[in-house]
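Just below is one structure, and these are the notes that go with it.
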Amino acid sequence: MADNSESQRCTSKKVTKSSDSLAKLDIYSEKFDPLAFLLSDQAKIPRPDAKVFDNLAKWHSHHQQKSKQVVEKKTSAKSDLPARRWLPHQLPVDAKRPQRGPRNVLTKIQSIQGPLALLRKYMEEKTRIKVVTRNEKGVRGYCNAYLLAFDKHWNLVLGEVEEVWMRSIRVRTNPLLIGPDNAPKSTKNRVRIPRIETKKVSKNTEQCRRHVDQMLMRGEQVVLVTSAEELKLFN
């Protein structure tokens, strides 16, 4: 009797072990063991024709694409419904924005009005003008030149400029205003410095004159702009 009971216990243990091993290999079981499934030769794949993915990220993106396709099918099914028939006066109006051309100083000059229109006339007719300049104390001098460009702030681009101004004799000469013959070697071959002609007017002041090919004059330095030819007629 004892031998029969021991044999029954052994068989029951074997059955439980086999059932546990089968449960570990069953994907739908709670005791499923992925490592045992991979190492076992008795593992059976539920769907052998299933698509194989290298990692979980590819599997996730694949299922997301499927869900998007389902949503698109639903929307396409809704779009098959008959469309509403709009009357002509109910249709949307095509709003076309006007195309703007390039906007810069040169284009604004053509449409400018007021006193600045006279500057445009001088520029187009290539009239020589006289610009009276100022400093922090008062009138500094004047410039006779051709107007090449300007803006609403009275910044002027001048060409072929004859500049005349007054200064105190006691003021030391700026090294940048030295003539080209007396310029240092470091600047002689780099910058062409205009030569200044001086003329003593009184005991403490002298008149300076120079010729500049091109000049950019800031609007805050401008006092008066007039035609040099009209001044000759009055004189």
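Letters A, B, ... mark the chains of the structure tokens in the order given; residue numbers begin at 1 per chain; ligand numbers begin at 1, in order shown.
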### Query
Which residues come within 8 Å of region 226-231 of chain A, counting only C-alpha atoms, excluding same-chain residues fewer than 4 positions away, as a ChimeraX atom specification?
/A:122,127-131,144,235
I need the residues from that last selection saved to file as a compact mmCIF listing (two decimals), in the first residue's frame (with N, CA and C atoms), if you can.
```txt
# COMPACT_ATOMS: atom_id res chain seq x y z
N TYR A 122 15.24 118.76 -57.37
CA TYR A 122 16.67 119.05 -57.52
C TYR A 122 17.45 117.79 -57.90
N THR A 127 20.26 119.57 -60.29
CA THR A 127 20.52 120.98 -60.00
C THR A 127 21.51 121.09 -58.85
N ARG A 128 22.46 121.98 -58.97
CA ARG A 128 23.43 122.16 -57.89
C ARG A 128 22.77 122.97 -56.78
N ILE A 129 22.91 122.48 -55.54
CA ILE A 129 22.23 123.09 -54.40
C ILE A 129 23.26 123.62 -53.40
N LYS A 130 22.74 124.47 -52.52
CA LYS A 130 23.55 125.01 -51.43
C LYS A 130 22.91 124.58 -50.12
N VAL A 131 23.68 123.90 -49.27
CA VAL A 131 23.18 123.42 -47.98
C VAL A 131 23.93 124.15 -46.89
N ASN A 144 28.22 123.42 -51.38
CA ASN A 144 27.67 123.44 -52.74
C ASN A 144 27.89 122.07 -53.35
N ASN A 235 21.93 137.36 -56.83
CA ASN A 235 23.13 138.16 -56.60
C ASN A 235 23.49 138.98 -57.86
```
### Exercise: Val105 (chain A) partners within 10 Å, only C-alpha atoms, chain neighbours under 4 positions left out, as a list in words
Ile109, Gln110, Ala149, Phe150, Asp151 and Lys152 of chain A
Preceding selection exported with N, CA and C atoms as an mmCIF file, in the first residue's frame:
```cif
data_model
loop_
_atom_site.group_PDB
_atom_site.id
_atom_site.type_symbol
_atom_site.label_atom_id
_atom_site.label_comp_id
_atom_site.auth_asym_id
_atom_site.auth_seq_id
_atom_site.Cartn_x
_atom_site.Cartn_y
_atom_site.Cartn_z
ATOM 1 N N ILE A 109 11.011 108.034 -52.384
ATOM 2 C CA ILE A 109 11.311 109.354 -52.943
ATOM 3 C C ILE A 109 10.329 109.709 -54.057
ATOM 4 N N GLN A 110 9.923 108.704 -54.842
ATOM 5 C CA GLN A 110 9.047 108.977 -55.988
ATOM 6 C C GLN A 110 7.652 109.422 -55.558
ATOM 7 N N ALA A 149 20.659 111.543 -53.136
ATOM 8 C CA ALA A 149 19.562 110.832 -52.463
ATOM 9 C C ALA A 149 19.268 111.542 -51.152
ATOM 10 N N PHE A 150 18.078 111.263 -50.608
ATOM 11 C CA PHE A 150 17.659 111.859 -49.333
ATOM 12 C C PHE A 150 16.564 110.989 -48.738
ATOM 13 N N ASP A 151 16.179 111.284 -47.501
ATOM 14 C CA ASP A 151 15.061 110.592 -46.849
ATOM 15 C C ASP A 151 14.245 111.605 -46.050
ATOM 16 N N LYS A 152 13.236 111.112 -45.330
ATOM 17 C CA LYS A 152 12.317 112.007 -44.611
ATOM 18 C C LYS A 152 12.979 112.705 -43.422
#
```
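Counting only C-alpha atoms and comparing A:Gly219, A:Pro46, A:Pro102, A:Gly141, the residue that lies closest to Trp154 (chain A) is A:Gly219.
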### Summary
Among A:Val132, A:Leu91, A:Leu116, A:Met215, Leu148 (chain A) is approached most closely, using only C-alpha atoms, by A:Met215
### Message
Under the rule that only C-alpha atoms are counted, which of A:Pro115, A:Leu224, A:Arg170, A:Glu163 is the nearest residue to Pro194 (chain A)?
### Response
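Once distances to Pro194 (chain A) are computed over only C-alpha atoms, the minimum belongs to A:Glu163.
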### Arg134 (chain A) environment, 10 Å, only C-alpha atoms, sequence neighbours closer than 2 positions dropped, as a ChimeraX atom specification
/A:131-132,136-142,165,220-224
### Task
Choose the residue, out of A:Met217, A:Ile193, A:Asp49, A:Met166, that has the smallest atom-to-atom separation from Thr205 (chain A); count only C-alpha atoms.
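Smallest distance to Thr205 (chain A) is found for A:Met166.
Backbone DSSP over region 79-169 of chain A yields helix (DSSP H, G or I) at Ser79, Pro88, His89, Gln90, Val105, Leu106, Thr107, Lys108, Ile109, Gln110, Leu116, Ala117, Leu118, Leu119, Arg120, Lys121, Tyr122, Met123, Glu124 and Glu125 of chain A.
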Let's have the selection written as a compact mmCIF listing (two decimals), in the first residue's frame, with N, CA, C and O atoms.
```
# COMPACT_ATOMS: atom_id res chain seq x y z
N SER A 79 -17.88 61.61 -45.97
CA SER A 79 -17.81 62.52 -47.12
C SER A 79 -18.62 62.03 -48.31
O SER A 79 -18.88 62.79 -49.24
N PRO A 88 -25.54 81.05 -55.48
CA PRO A 88 -24.39 81.86 -55.91
C PRO A 88 -23.99 82.94 -54.90
O PRO A 88 -22.81 83.22 -54.69
N HIS A 89 -24.98 83.59 -54.26
CA HIS A 89 -24.65 84.66 -53.32
C HIS A 89 -24.18 84.12 -51.97
O HIS A 89 -23.74 84.88 -51.10
N GLN A 90 -24.26 82.78 -51.77
CA GLN A 90 -23.80 82.19 -50.53
C GLN A 90 -22.39 81.61 -50.63
O GLN A 90 -21.83 81.16 -49.64
N VAL A 105 14.18 103.47 -49.69
CA VAL A 105 14.31 104.93 -49.77
C VAL A 105 14.07 105.43 -51.19
O VAL A 105 13.40 106.45 -51.40
N LEU A 106 14.58 104.71 -52.18
CA LEU A 106 14.44 105.17 -53.57
C LEU A 106 13.00 105.13 -54.04
O LEU A 106 12.56 106.00 -54.80
N THR A 107 12.22 104.12 -53.61
CA THR A 107 10.81 104.07 -54.00
C THR A 107 9.98 105.11 -53.26
O THR A 107 9.02 105.65 -53.82
N LYS A 108 10.32 105.41 -52.01
CA LYS A 108 9.58 106.43 -51.26
C LYS A 108 9.84 107.83 -51.80
O LYS A 108 8.98 108.71 -51.69
N ILE A 109 11.01 108.03 -52.38
CA ILE A 109 11.31 109.35 -52.94
C ILE A 109 10.33 109.71 -54.06
O ILE A 109 9.91 110.86 -54.20
N GLN A 110 9.92 108.70 -54.84
CA GLN A 110 9.05 108.98 -55.99
C GLN A 110 7.65 109.42 -55.56
O GLN A 110 6.98 110.14 -56.28
N LEU A 116 9.72 118.20 -49.18
CA LEU A 116 10.71 117.25 -49.69
C LEU A 116 10.56 117.00 -51.19
O LEU A 116 11.48 116.48 -51.83
N ALA A 117 9.39 117.35 -51.75
CA ALA A 117 9.22 117.20 -53.20
C ALA A 117 10.17 118.11 -53.96
O ALA A 117 10.57 117.80 -55.09
N LEU A 118 10.54 119.25 -53.34
CA LEU A 118 11.49 120.15 -53.99
C LEU A 118 12.87 119.50 -54.06
O LEU A 118 13.61 119.68 -55.05
N LEU A 119 13.23 118.74 -53.03
CA LEU A 119 14.50 118.01 -53.08
C LEU A 119 14.50 116.97 -54.19
O LEU A 119 15.51 116.76 -54.86
N ARG A 120 13.34 116.31 -54.40
CA ARG A 120 13.25 115.35 -55.49
C ARG A 120 13.43 116.04 -56.84
O ARG A 120 14.07 115.50 -57.75
N LYS A 121 12.90 117.25 -56.95
CA LYS A 121 13.06 118.02 -58.19
C LYS A 121 14.55 118.33 -58.43
O LYS A 121 15.05 118.19 -59.54
N TYR A 122 15.24 118.76 -57.37
CA TYR A 122 16.67 119.05 -57.52
C TYR A 122 17.45 117.79 -57.90
O TYR A 122 18.41 117.85 -58.67
N MET A 123 17.05 116.65 -57.34
CA MET A 123 17.77 115.40 -57.61
C MET A 123 17.53 114.94 -59.05
O MET A 123 18.46 114.51 -59.74
N GLU A 124 16.28 115.02 -59.52
CA GLU A 124 15.97 114.56 -60.87
C GLU A 124 16.55 115.48 -61.93
O GLU A 124 17.01 115.02 -62.98
N GLU A 125 16.52 116.79 -61.69
CA GLU A 125 17.03 117.75 -62.66
C GLU A 125 18.55 117.96 -62.54
O GLU A 125 19.11 118.74 -63.31
```
### Task
Quick one: pick out all strand (DSSP E) residues within region 25-201 of chain A from a backbone DSSP run and write them as JSON, numbers by chain.
{"A": [128, 129, 130, 131, 132, 133, 134, 139, 140, 141, 142, 143, 144, 145, 146, 147, 148, 149, 150, 156, 157, 158, 159, 160, 161, 162, 163, 164, 165, 166, 167, 168, 197, 198, 199, 200]}
### Message
If we count only C-alpha atoms and set the cut-off at 12 Å, which residues sit around Lys200 (chain A), ignoring sequence neighbours fewer than 3 positions away in its own chain? Please answer as a PyMOL selection string.
### Response
chain A and resi 165-169+197+203-209
### All residues 12 Å or closer to Leu39 (chain A), only C-alpha atoms, same chain fewer than 5 positions away omitted, as a list of chain:residue names
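With the cut-off at 12 Å, the set is A:Lys24, A:Leu25, A:Asp33, A:Pro34, A:Lys44.
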Got time to write the residues from that selection, N, CA and C atoms, as an mmCIF file, in the first residue's frame?
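Generated file (selection-v1.cif):
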```
data_model
loop_
_atom_site.group_PDB
_atom_site.id
_atom_site.type_symbol
_atom_site.label_atom_id
_atom_site.label_comp_id
_atom_site.auth_asym_id
_atom_site.auth_seq_id
_atom_site.Cartn_x
_atom_site.Cartn_y
_atom_site.Cartn_z
ATOM 1 N N LYS A 24 3.707 27.975 -18.488
ATOM 2 C CA LYS A 24 4.748 28.957 -18.775
ATOM 3 C C LYS A 24 4.920 29.205 -20.262
ATOM 4 N N LEU A 25 4.590 28.169 -21.059
ATOM 5 C CA LEU A 25 4.728 28.316 -22.514
ATOM 6 C C LEU A 25 3.465 28.831 -23.178
ATOM 7 N N ASP A 33 6.036 32.663 -19.131
ATOM 8 C CA ASP A 33 7.426 33.047 -18.913
ATOM 9 C C ASP A 33 8.077 33.276 -20.287
ATOM 10 N N PRO A 34 8.360 34.533 -20.642
ATOM 11 C CA PRO A 34 8.923 34.813 -21.981
ATOM 12 C C PRO A 34 10.271 34.133 -22.222
ATOM 13 N N LYS A 44 4.812 26.875 -29.119
ATOM 14 C CA LYS A 44 4.011 26.975 -30.339
ATOM 15 C C LYS A 44 3.547 28.415 -30.511
#
```
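Relative to CA of Asp26 (chain A), CA of Leu38 (chain A) is found at 11.8 Å.
CA of Lys58 (chain A) is found 25.9 Å from CA of Ser40 (chain A).
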### Query
Could you state the separation of CA of Glu30 (chain A) and CA of Trp59 (chain A) in Å, given to one decimal place?
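Spanning CA of Glu30 (chain A) to CA of Trp59 (chain A) is a straight-line distance of 22.8 Å.
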